[in-house]
Each structure stands twice: as C-alpha cells, then as structure tokens.
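Have a look at input36.tsv below; it lists TSV, C-alpha atoms.
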```tsv
chain	number	residue	atom	x	y	z
A	108	MET	CA	5.57	15.99	4.18
A	109	PRO	CA	4.59	12.52	2.91
A	110	ILE	CA	4.62	9.95	5.74
A	111	ILE	CA	3.61	6.45	6.76
A	112	GLU	CA	0.52	6.72	8.98
A	113	HIS	CA	-0.16	3.02	9.59
A	114	ILE	CA	1.42	-0.37	8.89
A	115	PHE	CA	-0.60	-3.59	8.59
A	116	ILE	CA	0.49	-7.19	8.11
A	117	ALA	CA	-1.55	-10.35	7.68
A	118	PRO	CA	0.17	-13.75	7.88
A	119	GLU	CA	-2.24	-15.42	5.43
A	120	LYS	CA	-4.59	-14.40	2.61
A	121	ARG	CA	-7.76	-14.16	4.65
A	122	ALA	CA	-6.20	-13.57	8.07
A	123	GLU	CA	-7.05	-10.39	9.93
A	124	ALA	CA	-4.66	-7.54	9.16
A	125	LYS	CA	-2.96	-6.43	12.36
A	126	SER	CA	-1.50	-3.01	13.02
A	127	VAL	CA	2.20	-2.78	13.87
A	128	LYS	CA	4.43	0.22	14.66
A	129	THR	CA	7.52	-1.18	12.90
A	130	VAL	CA	8.22	-4.01	10.49
A	131	ASN	CA	11.22	-5.42	8.66
A	132	ALA	CA	11.02	-5.04	4.87
A	133	ILE	CA	12.94	-7.85	3.17
A	134	ALA	CA	14.42	-7.01	-0.24
A	135	GLU	CA	12.78	-8.79	-3.19
A	136	CYS	CA	10.49	-10.63	-0.77
A	137	GLY	CA	7.98	-8.72	1.40
A	138	LEU	CA	7.32	-7.62	4.95
A	139	GLU	CA	8.38	-9.99	7.69
A	140	GLY	CA	5.30	-11.87	8.88
A	141	ASP	CA	3.10	-10.78	5.96
A	142	ARG	CA	1.41	-13.00	3.40
A	143	TYR	CA	3.17	-11.31	0.44
A	144	SER	CA	6.57	-12.41	1.76
A	145	VAL	CA	5.58	-15.87	0.46
A	146	ALA	CA	5.88	-15.90	-3.35
A	147	LYS	CA	2.83	-18.15	-3.90
A	148	ASN	CA	0.60	-15.48	-2.31
A	149	ARG	CA	1.57	-12.83	-4.88
A	150	LYS	CA	-0.13	-12.30	-8.23
A	151	ASN	CA	3.25	-11.26	-9.63
A	152	SER	CA	6.80	-10.69	-8.43
A	153	GLY	CA	6.14	-6.94	-8.04
A	154	GLN	CA	3.48	-7.44	-5.38
A	155	GLN	CA	5.85	-7.54	-2.42
A	156	ILE	CA	4.27	-4.64	-0.53
A	157	THR	CA	1.07	-2.63	-1.00
A	158	PHE	CA	0.36	1.03	-0.24
A	159	ILE	CA	-2.83	3.11	-0.04
A	160	GLU	CA	-3.46	6.82	0.57
A	161	VAL	CA	-5.41	7.61	3.76
A	162	GLU	CA	-6.88	10.55	1.86
A	163	GLN	CA	-8.68	8.14	-0.50
A	164	ILE	CA	-10.16	6.20	2.42
A	165	GLU	CA	-11.28	9.47	4.05
A	166	ARG	CA	-12.76	10.61	0.73
A	167	PHE	CA	-14.70	7.33	0.40
A	168	ILE	CA	-16.17	7.81	3.88
A	169	SER	CA	-17.01	11.45	3.20
A	170	GLU	CA	-18.59	10.90	-0.22
A	171	THR	CA	-20.50	7.69	0.51
A	172	GLY	CA	-21.32	8.05	4.20
A	173	LEU	CA	-20.13	4.46	4.68
A	174	LEU	CA	-17.61	3.45	7.33
A	175	MET	CA	-14.21	2.02	6.39
A	176	GLY	CA	-11.48	1.02	8.83
A	177	LEU	CA	-7.93	1.73	7.73
A	178	HIS	CA	-7.16	-2.00	7.87
A	179	GLU	CA	-10.09	-3.00	5.63
A	180	PRO	CA	-8.46	-2.34	2.24
A	181	ARG	CA	-5.81	-4.88	3.36
A	182	ARG	CA	-2.92	-2.75	2.13
A	183	ASN	CA	0.34	-2.94	4.08
A	184	ILE	CA	1.18	0.74	4.26
A	185	VAL	CA	-1.27	3.62	4.74
A	186	THR	CA	0.30	6.90	3.61
A	187	ARG	CA	-0.51	10.58	3.92
A	188	GLY	CA	0.62	13.35	1.60
A	189	VAL	CA	1.85	11.35	-1.41
A	190	ASP	CA	0.26	10.67	-4.80
A	191	LEU	CA	0.82	6.93	-5.09
A	192	ASN	CA	-0.38	6.78	-8.71
A	193	ALA	CA	2.55	9.02	-9.66
A	194	LEU	CA	4.97	6.41	-8.25
A	195	VAL	CA	4.26	3.76	-10.90
A	196	GLY	CA	7.59	3.23	-12.65
A	197	LYS	CA	9.52	5.27	-10.05
A	198	ARG	CA	11.84	4.61	-7.14
A	199	PHE	CA	10.97	6.01	-3.74
A	200	PHE	CA	12.53	5.88	-0.31
A	201	VAL	CA	11.36	5.34	3.25
A	202	GLY	CA	14.24	5.55	5.69
A	203	GLU	CA	16.86	3.01	4.60
A	204	CYS	CA	14.40	1.18	2.34
A	205	VAL	CA	14.11	1.63	-1.42
A	206	PHE	CA	10.92	0.71	-3.31
A	207	TYR	CA	9.92	0.58	-6.96
A	208	GLY	CA	6.29	1.29	-7.89
A	209	VAL	CA	5.20	-1.59	-10.14
A	210	GLU	CA	1.49	-1.03	-10.79
A	211	LEU	CA	-1.73	0.32	-9.35
A	212	CYS	CA	-3.37	-1.94	-6.78
A	213	GLU	CA	-6.96	-1.97	-7.98
A	214	PRO	CA	-9.95	-2.86	-5.78
A	215	CYS	CA	-11.21	-6.43	-5.86
A	216	ALA	CA	-14.43	-8.33	-5.23
A	217	ILE	CA	-13.08	-9.69	-1.93
A	218	TRP	CA	-12.59	-6.13	-0.58
A	219	ALA	CA	-16.15	-5.31	-1.65
A	220	LYS	CA	-17.51	-8.54	-0.12
A	221	ASN	CA	-15.78	-7.80	3.19
A	222	THR	CA	-16.89	-4.14	3.30
A	223	HIS	CA	-19.21	-2.39	0.81
A	224	LYS	CA	-20.00	-3.05	-2.85
A	225	GLU	CA	-19.31	0.64	-3.51
A	226	VAL	CA	-15.55	0.17	-2.99
A	227	VAL	CA	-15.02	-1.34	-6.44
A	228	PRO	CA	-16.24	1.60	-8.55
A	229	PHE	CA	-14.98	4.18	-6.06
A	230	PHE	CA	-11.42	2.89	-5.71
A	231	VAL	CA	-10.70	2.20	-9.39
A	232	HIS	CA	-7.32	3.93	-9.98
A	233	ARG	CA	-7.42	5.04	-6.30
A	234	GLY	CA	-6.90	1.67	-4.57
A	235	GLY	CA	-3.18	2.02	-3.97
A	236	LEU	CA	0.13	0.80	-5.30
A	237	ASN	CA	1.90	-2.56	-5.63
A	238	ALA	CA	5.64	-2.18	-5.16
A	239	ARG	CA	8.89	-4.12	-5.14
A	240	ILE	CA	11.25	-3.88	-2.19
A	241	VAL	CA	14.56	-3.03	-3.86
A	242	ARG	CA	16.49	-2.49	-0.61
A	243	GLY	CA	15.12	-3.69	2.69
A	244	GLY	CA	15.30	-2.34	6.21
A	245	VAL	CA	13.02	-1.24	9.02
A	246	LEU	CA	9.78	0.64	8.28
A	247	SER	CA	8.14	2.65	11.03
A	248	VAL	CA	4.93	4.60	11.49
A	249	GLY	CA	5.82	8.28	11.09
A	250	SER	CA	8.67	7.68	8.64
A	251	SER	CA	8.87	10.13	5.77
A	252	ILE	CA	8.48	9.10	2.14
A	253	GLU	CA	10.82	10.61	-0.45
A	254	VAL	CA	10.36	10.30	-4.19
A	255	GLU	CA	13.36	10.11	-6.49
A	256	SER	CA	13.73	13.42	-8.30
A	257	ASP	CA	12.40	13.53	-11.85
A	258	LEU	CA	15.43	15.67	-12.72
A	259	PHE	CA	17.42	12.47	-13.17
A	260	ASN	CA	14.78	10.47	-15.06
A	261	PHE	CA	15.30	11.34	-18.75
```

Go ahead and express the file in the form of structure tokens.
Amino acid sequence: MPIIEHIFIAPEKRAEAKSVKTVNAIAECGLEGDRYSVAKNRKNSGQQITFIEVEQIERFISETGLLMGLHEPRRNIVTRGVDLNALVGKRFFVGECVFYGVELCEPCAIWAKNTHKEVVPFFVHRGGLNARIVRGGVLSVGSSIEVESDLFNF
C-alpha cells in the first residue's frame, strides 16, 4: 500500500529541512511553516508541495555507494510504494487532502552542491513530483496514498 514515510518542512529556501510527524496542508498554498507556502519561493503556482519516492533514494545509495539522508533532496513528502511519475496530470488523495500532480521535480545544482554531483544525472526523471494542493487538511506519517482511478479519466 502506498504511504507517506516522512514529512519535511523548511521555513526558508536554504534553511535546514526538519522532520515532522504531521503538518497542515493549505489548499492552493503549501504546507504550514514551509517555504513553498510563500508564493515568491515557488517557481510556478503548481509547486505547492513536493514528493519523492524513498525507493529512488535507496536505489541511489545502493548503485553509487554514496550516502544520502532522506531530508537531503529537500522534498516535503517521502513516499513508499507509489510511482510518482505516473501522477503527473492526475489527482491523488492522502486522507482528507486532494493533490494534483503538476510536473516532475527534477534534480538541481543546489542539491548536487549540498550532497554529491552524481545526484543530477541519477535523479533525472526520478527526482520526485511537484503538486498543487487542491483540498487541504492534515497530512501524517503513515497515511495512505490513493490515486484516482483511470476508469474515470477518458
């Protein structure tokens, strides 16, 4: 079952990402206390929350032999058991919250500078997902992720 494994927020662009157990997701804004809740910190209006698959981080560690903390990609939500790339252009649900997958969240030079240069080529098309918060609510570690059925997307 797809779940949230970790939640991270950072109050400013370069501030340390801190782990939290729960957070309030504010519709069309961002996570309470996170840098993306302030419009000027977003590259576009769809960058209200970011997700990354823990499996990709584990794969990076396994294939490169380099260490990577789960907070180092600076994504808000670390998931397990969901293909985030498949959520571009789709609605998905976590508890009472509704999200819309806007675009892939590609690796950047800052992530490489703060960790390893190898992250940029490795995480291309594997760096996560930028999403809009369509309906807000409380997000918690351990919450399940449900994808809207393709049966209704003609």

Within 10 Å of (2.4, -13.5, 10.3) (coordinates as in the file), grab all the protein and nucleic acid residues, counting only C-alpha atoms, and write them out as a PDB file with C-alpha atoms, in the coordinates of the input.
```
ATOM      1  CA  ILE A 116       0.490  -7.190   8.110  1.00  0.00           C
ATOM      2  CA  ALA A 117      -1.550 -10.350   7.680  1.00  0.00           C
ATOM      3  CA  PRO A 118       0.170 -13.750   7.880  1.00  0.00           C
ATOM      4  CA  GLU A 119      -2.240 -15.420   5.430  1.00  0.00           C
ATOM      5  CA  ALA A 122      -6.200 -13.570   8.070  1.00  0.00           C
ATOM      6  CA  GLU A 123      -7.050 -10.390   9.930  1.00  0.00           C
ATOM      7  CA  ALA A 124      -4.660  -7.540   9.160  1.00  0.00           C
ATOM      8  CA  LYS A 125      -2.960  -6.430  12.360  1.00  0.00           C
ATOM      9  CA  LEU A 138       7.320  -7.620   4.950  1.00  0.00           C
ATOM     10  CA  GLU A 139       8.380  -9.990   7.690  1.00  0.00           C
ATOM     11  CA  GLY A 140       5.300 -11.870   8.880  1.00  0.00           C
ATOM     12  CA  ASP A 141       3.100 -10.780   5.960  1.00  0.00           C
ATOM     13  CA  ARG A 142       1.410 -13.000   3.400  1.00  0.00           C
ATOM     14  CA  SER A 144       6.570 -12.410   1.760  1.00  0.00           C
TER      15      SER A 144
END
```

Determine, for each residue of range 199-227 of chain A having at least one atom at most 9 Å from an atom of range 233-240 of chain A, the closest pair of atoms and their separation in Å to one decimal, counting only C-alpha atoms; order by chain and ascending number, as a tab-separated table.
```
residue	atom	partner	partner_atom	distance
A:Cys204	CA	A:Ile240	CA	7.5
A:Val205	CA	A:Ile240	CA	6.3
A:Phe206	CA	A:Ile240	CA	4.7
A:Tyr207	CA	A:Arg239	CA	5.1
A:Gly208	CA	A:Ala238	CA	4.5
A:Val209	CA	A:Ala238	CA	5.0
A:Glu210	CA	A:Asn237	CA	5.4
A:Leu211	CA	A:Leu236	CA	4.5
A:Cys212	CA	A:Leu236	CA	4.7
A:Glu213	CA	A:Gly234	CA	5.0
A:Pro214	CA	A:Gly234	CA	5.6
A:Val226	CA	A:Gly234	CA	8.9
A:Val227	CA	A:Gly234	CA	8.9
```

Since we have the selection now, will you write its residues out, keeping C-alpha atoms, as a PDB file, keeping the file's coordinate frame?
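Once everything was written out, this is result-v7.pdb:
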```pdb
ATOM      1  CA  CYS A 204      14.400   1.180   2.340  1.00  0.00           C
ATOM      2  CA  VAL A 205      14.110   1.630  -1.420  1.00  0.00           C
ATOM      3  CA  PHE A 206      10.920   0.710  -3.310  1.00  0.00           C
ATOM      4  CA  TYR A 207       9.920   0.580  -6.960  1.00  0.00           C
ATOM      5  CA  GLY A 208       6.290   1.290  -7.890  1.00  0.00           C
ATOM      6  CA  VAL A 209       5.200  -1.590 -10.140  1.00  0.00           C
ATOM      7  CA  GLU A 210       1.490  -1.030 -10.790  1.00  0.00           C
ATOM      8  CA  LEU A 211      -1.730   0.320  -9.350  1.00  0.00           C
ATOM      9  CA  CYS A 212      -3.370  -1.940  -6.780  1.00  0.00           C
ATOM     10  CA  GLU A 213      -6.960  -1.970  -7.980  1.00  0.00           C
ATOM     11  CA  PRO A 214      -9.950  -2.860  -5.780  1.00  0.00           C
ATOM     12  CA  VAL A 226     -15.550   0.170  -2.990  1.00  0.00           C
ATOM     13  CA  VAL A 227     -15.020  -1.340  -6.440  1.00  0.00           C
TER      14      VAL A 227
END
```

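Among the candidate residues A:Val185, A:Ile159, A:Ile164, A:Val145, the one lying nearest to Gly249 in chain A is A:Val185, with distances computed using all atoms listed in the file.
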
Closest to Asn221 in chain A among A:Arg121, A:His113, A:Lys150, A:Arg242, using only C-alpha atoms? A:Arg121

Nearest to Leu246 in chain A, restricted to all atoms listed in the file and choosing among A:Ala146, A:Met175, A:Ala132, A:Val127, comes out as A:Ala132

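Using all atoms listed in the file for every distance, the candidate list A:Val130, A:Val254, A:Ala216, A:Ile110 yields A:Val254 as the residue closest to Ala193 in chain A.
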
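If all atoms listed in the file are the atoms counted, then among A:Phe230, A:Tyr143, A:Phe199, A:Phe167 the closest residue to Pro109 in chain A is A:Phe199.
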
Have a look at A:Ile252, A:Val245, A:Cys136, A:Lys128 and name the one nearest to Phe158 in chain A; count all atoms listed in the file. A:Ile252

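Taking CA of Leu194 in chain A as the reference point, CA of Gly172 in chain A is found at 29.1 Å.
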
So how far away is CA of Phe115 in chain A from CA of Gly202 in chain A, in Å? 17.7 Å

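In this structure, CA of His232 in chain A sits 27.9 Å away from CA of Asn131 in chain A.
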
Residues within 9 Å of (-5.1, 13.0, -2.2), file coordinates, counting all atoms listed in the file: what are they? Give the list as a PDB file with C-alpha atoms, in the frame of the given file.
```pdb
ATOM      1  CA  GLU A 160      -3.460   6.820   0.570  1.00  0.00           C
ATOM      2  CA  VAL A 161      -5.410   7.610   3.760  1.00  0.00           C
ATOM      3  CA  GLU A 162      -6.880  10.550   1.860  1.00  0.00           C
ATOM      4  CA  GLN A 163      -8.680   8.140  -0.500  1.00  0.00           C
ATOM      5  CA  ARG A 166     -12.760  10.610   0.730  1.00  0.00           C
ATOM      6  CA  ARG A 187      -0.510  10.580   3.920  1.00  0.00           C
ATOM      7  CA  GLY A 188       0.620  13.350   1.600  1.00  0.00           C
ATOM      8  CA  VAL A 189       1.850  11.350  -1.410  1.00  0.00           C
ATOM      9  CA  ASP A 190       0.260  10.670  -4.800  1.00  0.00           C
ATOM     10  CA  LEU A 191       0.820   6.930  -5.090  1.00  0.00           C
TER      11      LEU A 191
END
```

Please produce range 160-171 of chain A, completed to N, CA, C and O atoms, as a PDB file, keeping the file's coordinate frame.
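The resulting file, part_3.pdb, is reproduced below:
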```pdb
ATOM      1  N   GLU A 160      -3.407   5.460   0.023  1.00  0.00           N
ATOM      2  CA  GLU A 160      -3.460   6.820   0.570  1.00  0.00           C
ATOM      3  C   GLU A 160      -4.615   6.926   1.562  1.00  0.00           C
ATOM      4  O   GLU A 160      -5.753   6.616   1.223  1.00  0.00           O
ATOM      5  N   VAL A 161      -4.346   7.403   2.769  1.00  0.00           N
ATOM      6  CA  VAL A 161      -5.410   7.610   3.760  1.00  0.00           C
ATOM      7  C   VAL A 161      -6.422   8.614   3.233  1.00  0.00           C
ATOM      8  O   VAL A 161      -7.616   8.517   3.526  1.00  0.00           O
ATOM      9  N   GLU A 162      -5.963   9.548   2.416  1.00  0.00           N
ATOM     10  CA  GLU A 162      -6.880  10.550   1.860  1.00  0.00           C
ATOM     11  C   GLU A 162      -7.977   9.916   1.020  1.00  0.00           C
ATOM     12  O   GLU A 162      -9.120  10.402   1.005  1.00  0.00           O
ATOM     13  N   GLN A 163      -7.660   8.818   0.315  1.00  0.00           N
ATOM     14  CA  GLN A 163      -8.680   8.140  -0.500  1.00  0.00           C
ATOM     15  C   GLN A 163      -9.704   7.424   0.382  1.00  0.00           C
ATOM     16  O   GLN A 163     -10.893   7.406   0.079  1.00  0.00           O
ATOM     17  N   ILE A 164      -9.234   6.842   1.476  1.00  0.00           N
ATOM     18  CA  ILE A 164     -10.160   6.200   2.420  1.00  0.00           C
ATOM     19  C   ILE A 164     -11.066   7.255   3.046  1.00  0.00           C
ATOM     20  O   ILE A 164     -12.286   7.073   3.130  1.00  0.00           O
ATOM     21  N   GLU A 165     -10.491   8.374   3.463  1.00  0.00           N
ATOM     22  CA  GLU A 165     -11.280   9.470   4.050  1.00  0.00           C
ATOM     23  C   GLU A 165     -12.280  10.027   3.048  1.00  0.00           C
ATOM     24  O   GLU A 165     -13.424  10.339   3.397  1.00  0.00           O
ATOM     25  N   ARG A 166     -11.857  10.121   1.787  1.00  0.00           N
ATOM     26  CA  ARG A 166     -12.760  10.610   0.730  1.00  0.00           C
ATOM     27  C   ARG A 166     -13.929   9.641   0.519  1.00  0.00           C
ATOM     28  O   ARG A 166     -15.068  10.058   0.353  1.00  0.00           O
ATOM     29  N   PHE A 167     -13.637   8.336   0.539  1.00  0.00           N
ATOM     30  CA  PHE A 167     -14.700   7.330   0.400  1.00  0.00           C
ATOM     31  C   PHE A 167     -15.733   7.506   1.506  1.00  0.00           C
ATOM     32  O   PHE A 167     -16.936   7.532   1.244  1.00  0.00           O
ATOM     33  N   ILE A 168     -15.267   7.640   2.738  1.00  0.00           N
ATOM     34  CA  ILE A 168     -16.170   7.810   3.880  1.00  0.00           C
ATOM     35  C   ILE A 168     -16.994   9.072   3.734  1.00  0.00           C
ATOM     36  O   ILE A 168     -18.221   9.070   3.921  1.00  0.00           O
ATOM     37  N   SER A 169     -16.339  10.153   3.351  1.00  0.00           N
ATOM     38  CA  SER A 169     -17.010  11.450   3.200  1.00  0.00           C
ATOM     39  C   SER A 169     -18.051  11.433   2.088  1.00  0.00           C
ATOM     40  O   SER A 169     -19.165  11.929   2.245  1.00  0.00           O
ATOM     41  N   GLU A 170     -17.700  10.868   0.948  1.00  0.00           N
ATOM     42  CA  GLU A 170     -18.590  10.900  -0.220  1.00  0.00           C
ATOM     43  C   GLU A 170     -19.706   9.867  -0.163  1.00  0.00           C
ATOM     44  O   GLU A 170     -20.773  10.098  -0.727  1.00  0.00           O
ATOM     45  N   THR A 171     -19.475   8.733   0.492  1.00  0.00           N
ATOM     46  CA  THR A 171     -20.500   7.690   0.510  1.00  0.00           C
ATOM     47  C   THR A 171     -21.284   7.634   1.820  1.00  0.00           C
ATOM     48  O   THR A 171     -22.371   7.070   1.867  1.00  0.00           O
TER      49      THR A 171
END
```
